[in-house]
Amino acid sequence: MGKRALIAVTAFSAIVWIILFWIVPLPVIILTVIAWIVLLIFNKELGAKILFIASASAAVIAVGLICVFLFAQGIPAMLDIGVLNFLTGTDWRPTWNPPLYGILPMIAGSLYVTAGAILFGVPVGIFAAVFMAKFCPRRIHKVLKPAINLLAGIPSVVYGYFGMVVLVPFVRENFGGNGNSILTASMLLGMMILPTIITISEHAIRAVPPEIYDGAVALGASHESATFKAVLPAAKSGVTASVILGIGRAVGETMAVRMVAGNQAVMRMPHEFLSGTRTLTSNVVIELGYAYGDHRAALIATGVVLFAFILLINTMFMRIRGRK
Amino acid sequence: MKFSISNMDLFYGDFQALKNINIEIPANEITAFIGPSGCGKSTLIKSLNRMNDLTEGCKITGEIFLDGENIYGNIDVNALRKRVGMVFQKPNPFPMSVYDNIAFAPRTHGIKSKFKLNEIVEKSLRDAAIWEELKDRLKKSALSLSGGQQQRLCIARALSVQPDVLLMDEPTSALDPISTAKIEELVLKLKKDYTIVIVTHNMQQAVRISDNTGFFLLGELVEYGDTQQLFSVPANKRTEDYITGRFG
Ligand SMILES: Nc1ncnc2c1ncn2[C@@H]1O[C@H](COP(=O)(O)OP(=O)(O)OP(=O)(O)O)[C@@H](O)[C@H]1O
Ligand SMILES: [Mg+2]
């Protein structure tokens, strides 16, 4: 690595750090400064090494910082409200006197739309992946693959827009309600997790050794049974991982859901899927702009709960990856 | 005769891998194919259950009869593969339990009764002489077995659909001597009920277990006949050179 490149990397990371965490850019800055001193005065190898460590630790520190700030503000708020009140309270009334901060409606909302997304997205995604890996002619694959990559790259606000102008009227006219509903959000999220599920599952299916397929066919199994009963089970861990990543995406999605879900902070039951709901993510983004004091802290505590969910999902993902 | 092959040519694209093969494979005997690497042994054995159909650009002319029926005629390929089982060079158990490996094919062919499946699993494992070793591990993943056990499991799996013929493409080349001996013993035992065609690089193995041997070279069948005869008094100079280790 040339000296100029090193300077560029240092300058870039310093700028990023100062912009991102002007409060605590210190550890990395100190490390970087030490690195340069060592690099220039003593030992090039060692200096470069420290510089790399500084860059690598940046990611870890970033996660650490997010945790610290989130928990520092969120946990006391949660304790203040009462953990049980906060998590199982069915009323979110930040403007009442005294205010009520129960986020169960939002937890339920997140669970509903995520479950719905699984319902819509997972079967279609897995079938599409099987189709792409084992059934589709190369010509069609050449068109499908970039199309799916494109689907993955569309910003969520564009999905949200599509949901508003297409799905909301569709649900309103065919199922009833005003169209901004759990069902609508589920459908939209189901679409949004498709590329994740298709791409990773297809990859997993293709990674199954051809001997598995050949073995099944040699037993007289048709192409379909060999694919669905031998190859797909052999790709199980990869397919499951894709579903979990998809779920992670669905739980964390904010903008698109907010645009079609109605956002009422009201406790819903599963059969009310034509009514609107509010998710954990929308709750934060809708109110954080004007909230202050306890209200603001309660929103940050909402973020803590969201963070816990994501952590759980990621742990599951790592477990399944590791089991291979 | 179980198989009669007449005037068979096989092409991979423009490359001719088998040239005018004529061979008769008798029922309930073990027939071995030997020859140097790349001479077309696997290609020929794969034509017997039409696994070559999966290879893009593979074209076959001539005829292969199984019990008098042209298998490249208008037949049900899946039914053919049910009759002509195959064991591969590298053990390829499915990544599922021992039980599910054996029950896979019967299930695929429509058997649902739990009782029937249990019966098939036990019988297949017994016939493959691995029941005693595995009867307490039926729920365990097949991948946890040793290489030799996996290969015998694959043999049991091939037996689960009650085929007439077993094709084996270098079934012991990935195994240690003890596992190899077990499989040879098993193959000799299976000959009573099945017609067996085996490809091997190991000439001692061909001598030990086979009744007939075919020697291939560059896509041609150089010599075919009784194993003892072929190895003791080869009719062809090239066969002699090969079995005495002068080339290949
Ligand atoms: N799918 C294929 N496409 C093109 N050529 C092939 C293909 N499979 C095999 N061949 C060629 O056909 C010839 C015969 O191959 P085959 O695998 O039957 O040899 P073999 O006798 O089984 O060799 P080995 O002892 O190494 O297994 C070889 O020259 C090989 O390169
Ligand atoms: Mg071969």
# chains A, B, ... in the order shown; residues from 1 in each chain; ligands from 1
$ residues_around --residues "Val98 of chain B" --least-positions-apart "4" --cutoff "9 Å" --atoms "only C-alpha atoms" --output "PyMOL selection string"
chain B and resi 93-94+102-103+134+137-143+153
$ write_last_selection --atoms "N, CA, C and O atoms" --output "short mmCIF file (atom, residue, chain, number, x, y, z; two decimals), in the first residue's frame"
data_model
loop_
_atom_site.label_atom_id
_atom_site.label_comp_id
_atom_site.auth_asym_id
_atom_site.auth_seq_id
_atom_site.Cartn_x
_atom_site.Cartn_y
_atom_site.Cartn_z
N PRO B 93 -24.53 -40.05 0.21
CA PRO B 93 -25.78 -40.10 0.97
C PRO B 93 -26.42 -38.72 0.99
O PRO B 93 -25.72 -37.72 0.92
N PHE B 94 -27.74 -38.68 1.06
CA PHE B 94 -28.43 -37.40 1.21
C PHE B 94 -28.18 -36.89 2.63
O PHE B 94 -28.09 -37.69 3.56
N ILE B 102 -32.87 -44.27 3.03
CA ILE B 102 -33.38 -45.51 2.43
C ILE B 102 -34.83 -45.33 2.00
O ILE B 102 -35.25 -45.83 0.96
N ALA B 103 -35.60 -44.59 2.81
CA ALA B 103 -37.03 -44.44 2.50
C ALA B 103 -37.26 -43.45 1.37
O ALA B 103 -38.37 -43.37 0.83
N LEU B 134 -26.27 -50.38 11.97
CA LEU B 134 -27.02 -49.13 11.93
C LEU B 134 -28.39 -49.18 12.59
O LEU B 134 -29.05 -48.17 12.70
N ARG B 137 -29.12 -46.58 14.93
CA ARG B 137 -28.75 -45.22 14.54
C ARG B 137 -29.58 -44.73 13.36
O ARG B 137 -29.15 -43.85 12.61
N LEU B 138 -30.77 -45.29 13.21
CA LEU B 138 -31.58 -44.96 12.04
C LEU B 138 -31.94 -43.49 11.98
O LEU B 138 -32.14 -42.92 10.92
N LYS B 139 -32.01 -42.86 13.17
CA LYS B 139 -32.42 -41.45 13.20
C LYS B 139 -31.23 -40.51 13.03
O LYS B 139 -31.38 -39.31 12.86
N LYS B 140 -30.03 -41.05 13.12
CA LYS B 140 -28.81 -40.23 13.01
C LYS B 140 -28.60 -39.78 11.56
O LYS B 140 -29.03 -40.44 10.63
N SER B 141 -27.90 -38.67 11.43
CA SER B 141 -27.61 -38.18 10.09
C SER B 141 -26.68 -39.15 9.36
O SER B 141 -25.72 -39.65 9.94
N ALA B 142 -26.97 -39.39 8.10
CA ALA B 142 -26.14 -40.30 7.31
C ALA B 142 -24.73 -39.76 7.16
O ALA B 142 -23.79 -40.51 6.94
N LEU B 143 -24.59 -38.45 7.30
CA LEU B 143 -23.26 -37.86 7.12
C LEU B 143 -22.34 -38.16 8.29
O LEU B 143 -21.13 -37.96 8.21
N LEU B 153 -24.41 -47.80 2.84
CA LEU B 153 -25.74 -47.19 2.93
C LEU B 153 -26.25 -46.85 1.52
O LEU B 153 -27.43 -47.05 1.20
#
$ closest_atom_pairs --of "chain A" --to "chain B" --cutoff "6 Å" --atoms "only C-alpha atoms" --output "CSV"
residue,atom,partner,partner_atom,distance
A:Ala218,CA,B:Arg81,CA,5.7
A:Leu219,CA,B:Lys82,CA,5.6
A:Gly220,CA,B:Asn78,CA,4.2
A:Ala234,CA,B:Pro95,CA,5.8
$ write_last_selection --atoms "N, CA, C and O atoms" --output "PDB file, in the first residue's frame"
ATOM      1  N   ALA A 218     -30.851 -41.148 -10.054  1.00  0.00           N
ATOM      2  CA  ALA A 218     -30.468 -42.540 -10.319  1.00  0.00           C
ATOM      3  C   ALA A 218     -31.395 -43.522  -9.608  1.00  0.00           C
ATOM      4  O   ALA A 218     -31.400 -44.709  -9.921  1.00  0.00           O
ATOM      5  N   LEU A 219     -32.160 -43.038  -8.637  1.00  0.00           N
ATOM      6  CA  LEU A 219     -33.127 -43.915  -7.964  1.00  0.00           C
ATOM      7  C   LEU A 219     -34.480 -43.882  -8.660  1.00  0.00           C
ATOM      8  O   LEU A 219     -35.453 -44.442  -8.178  1.00  0.00           O
ATOM      9  N   GLY A 220     -34.537 -43.193  -9.777  1.00  0.00           N
ATOM     10  CA  GLY A 220     -35.792 -43.136 -10.513  1.00  0.00           C
ATOM     11  C   GLY A 220     -36.659 -41.946 -10.149  1.00  0.00           C
ATOM     12  O   GLY A 220     -37.817 -41.883 -10.550  1.00  0.00           O
ATOM     13  N   ALA A 234     -31.304 -30.501   1.199  1.00  0.00           N
ATOM     14  CA  ALA A 234     -29.859 -30.384   1.391  1.00  0.00           C
ATOM     15  C   ALA A 234     -29.436 -28.924   1.506  1.00  0.00           C
ATOM     16  O   ALA A 234     -28.393 -28.617   2.061  1.00  0.00           O
TER      17      ALA A 234
END
$ residues_near_ligand --ligand "ligand 1" --cutoff "6 Å" --atoms "only C-alpha atoms and all ligand atoms" --output "ChimeraX atom specification"
/B:12,17,36-43,55
$ select_by_dssp --residues "segment 8-236 of chain B" --states "helix (DSSP H, G or I)" --output "JSON, numbers by chain"
{"B": [41, 42, 43, 44, 45, 46, 47, 51, 52, 53, 54, 77, 78, 79, 80, 81, 82, 83, 98, 99, 100, 101, 102, 103, 104, 105, 106, 107, 108, 114, 115, 116, 117, 118, 119, 120, 121, 122, 123, 124, 125, 126, 127, 131, 132, 133, 134, 142, 143, 144, 147, 148, 149, 150, 151, 152, 153, 154, 155, 156, 157, 158, 159, 177, 178, 179, 180, 181, 182, 183, 184, 185, 186, 187, 188, 189, 190, 203, 204, 205, 206, 207, 208, 209, 227, 228, 229, 230, 231, 232]}
$ atom_distance --atom1 "atom CA of Asn70 of chain B" --atom2 "atom CA of Asn20 of chain B"
16.7 Å
$ select_by_dssp --residues "segment 10-163 of chain A" --states "strand (DSSP E or B)" --output "PyMOL selection string"
chain A and resi 92-93+100-101
$ write_last_selection --atoms "C-alpha atoms" --output "CSV table (one decimal), in the first residue's frame"
chain,number,residue,atom,x,y,z
A,92,TRP,CA,-49.8,4.6,24.1
A,93,ARG,CA,-51.0,8.1,25.2
A,100,LEU,CA,-49.3,6.3,29.3
A,101,TYR,CA,-46.4,4.6,27.5
$ closest_residue --among "B:Gly68, B:Pro171, B:Gly57, B:Gly214" --to "Thr31 of chain B" --atoms "only C-alpha atoms"
B:Gly214
$ closest_residue --among "A:Ile154, A:Gly47, A:Phe135, A:Thr196" --to "His223 of chain A" --atoms "only C-alpha atoms"
A:Phe135
$ closest_residue --among "B:Asn202, B:Ser124, B:Ser97, B:Gln16" --to "Tyr242 of chain B" --atoms "only C-alpha atoms"
B:Asn202
$ atom_distance --atom1 "atom CA of Thr244 of chain B" --atom2 "atom CA of Thr180 of chain B"
22.8 Å
